[in-house]
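Asks: Sharing a structure below in structure tokens format, with a few things to ask.
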Amino acid sequence: EQGNEKRMFNSGGSGYTMNKAALKALVADAFPTCQPHLHTFAEDVMVAQCFRNKLEVFPFDTKDENGGERYMPFAPMHHLNYNIPKDVKSDWYANYSIDIKEGLDHCAARSVAFHYIKGDMMKRMHAILYGHCA
């Protein structure tokens with residue numbers, strides 16, 4: 001929540017990037033004792049808590065050098081049209097984001113992943129991004 005290190009996490013809806021050692025430590029060392037029976041939709045928050053509390057591994061800002069987001073918890077159009085509400089606390093995304101940008105500046109030129117992308121849209125995005133359109 002606005003830089004609170006005890007609550008900081010990288011949104012996991014679009015996916016995770018971690019090396020093999022981090023994944024092994026998370027599964028073998030953290031998961032068995034890090035609230036193993038908890039059922040929640042917020043697995044990204046729980047993964048961050050397990051890393052932080054059990055392994056002393058902390059999330060870092062994944063924005064690019066221009067402040068554009070690389071991992072997005074929504075579809076591209078949602079991010080393109082997103083406006084920061086006047087009351088930041090009224091919107092979880094604004095509340096949990098740091099130095100969020102709006103419009104075309106919001107997404108990094110080399111974004112890694114978007115959440116809520118269905119198959120047809122994923123194929124289309126891939127074709128556009130990787131030059132497969134005629």
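Going through the structure tokens in order, the chains are called A, B, and so on, while each chain numbers its residues from 1 and the ligands are numbered from 1 in the order shown.
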Could you give me, as a PyMOL selection string, the residues within 8 Å of Arg70 of chain A, counting only C-alpha atoms and dropping anything in the same chain fewer than 6 positions from it?

Replies: chain A and resi 62-64+107-108+110-113

Asks: Could the residues in this selection be written to a file with C-alpha atoms, as an mmCIF file, in the first residue's frame?

Replies:
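And here is the file that came out, again_6.cif:
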data_model
loop_
_atom_site.group_PDB
_atom_site.id
_atom_site.type_symbol
_atom_site.label_atom_id
_atom_site.label_comp_id
_atom_site.auth_asym_id
_atom_site.auth_seq_id
_atom_site.Cartn_x
_atom_site.Cartn_y
_atom_site.Cartn_z
ATOM 1 C CA THR A 62 9.520 -4.073 -12.079
ATOM 2 C CA LYS A 63 8.821 -0.853 -13.996
ATOM 3 C CA ASP A 64 11.071 0.120 -16.897
ATOM 4 C CA CYS A 107 2.595 0.385 -20.048
ATOM 5 C CA ALA A 108 6.261 -0.272 -20.738
ATOM 6 C CA ARG A 110 8.538 -3.916 -23.634
ATOM 7 C CA SER A 111 5.715 -5.148 -21.431
ATOM 8 C CA VAL A 112 6.068 -8.724 -20.219
ATOM 9 C CA ALA A 113 2.521 -9.829 -19.443
#

Asks: Would you list the contacts of Val45 of chain A as number ranges by chain, taking every protein, DNA or RNA residue within 9 Å and counting only C-alpha atoms, but skipping same-chain residues closer than 6 positions in sequence?

Replies: A: 7-12

Asks: I need the residue nearest Cys50 of chain A from this list: A:Pro85, A:Tyr96, A:Leu23, A:Glu65. Use only C-alpha atoms for the distance.

Replies: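 Under the stated criterion, the closest residue is A:Leu23.
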
Asks: What gap, in Å, lies between atom CA of Leu38 of chain A and atom CA of Asn53 of chain A?

Replies: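 About the pair atom CA of Leu38 of chain A and atom CA of Asn53 of chain A: they are 15.7 Å apart.
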
Asks: Just to confirm, what's the straight-line distance from atom CA of Glu43 of chain A to atom CA of Asn19 of chain A in Å (one decimal)?

Replies: 18.4 Å

Asks: When you look at Ser14 of chain A with a cut-off of 12 Å (counting only C-alpha atoms), what residues show up, excluding the ones that are within fewer than 5 positions of it in the same chain? I need them as a ChimeraX atom specification.

Replies: /A:43-44,69-76,111-118

Asks: Would you kindly return, as a PDB file with C-alpha atoms, in the first residue's frame, each protein, DNA or RNA residue with an atom no farther than 7 Å from any atom of Gly103 of chain A, considering only C-alpha atoms and excluding same-chain residues fewer than 6 positions away?

Replies:
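Saved file part.pdb follows:
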ATOM      1  CA  LEU A  80      -4.674   2.440 -21.522  1.00  0.00           C
ATOM      2  CA  ASN A  81      -7.943   3.966 -20.281  1.00  0.00           C
ATOM      3  CA  TYR A  82      -7.176   3.810 -16.557  1.00  0.00           C
TER       4      TYR A  82
END

Asks: When you look at Lys101 of chain A with a cut-off of 8 Å (counting only C-alpha atoms), what residues show up, excluding the ones that are within fewer than 5 positions of it in the same chain? I need them as a ChimeraX atom specification.

Replies: /A:67-68,106

Asks: What does the structure give for the distance between atom CA of Phe51 of chain A and atom CA of Ala25 of chain A, in Å to one decimal?

Replies: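 Separation between atom CA of Phe51 of chain A and atom CA of Ala25 of chain A: 8.7 Å.
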
Asks: Residues of chain A classed as strand (DSSP E) by DSSP on the backbone are to be reported as number ranges by chain.

Replies: A: 71-72, 113-114

Asks: Of the residues A:Gly13, A:Ala94, A:Met77, A:Lys123, which is the one nearest to Ala42 of chain A, using only C-alpha atoms?

Replies: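 Comparing A:Gly13, A:Ala94, A:Met77, A:Lys123 against Ala42 of chain A, the winner is A:Gly13.
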
Asks: Please provide as a list in words all residues within 10 Å of Arg52 of chain A, with the sequence filter that same-chain residues fewer than 2 positions apart are discarded (counting only C-alpha atoms).

Replies: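 What passes the distance filter is Glu5, Lys6, Arg7, Met8, Phe9, Ala30, Met46, Val47, Ala48, Gln49, Cys50, Lys54, Leu55, Glu56, Val57, Phe58 and Pro59 of chain A.
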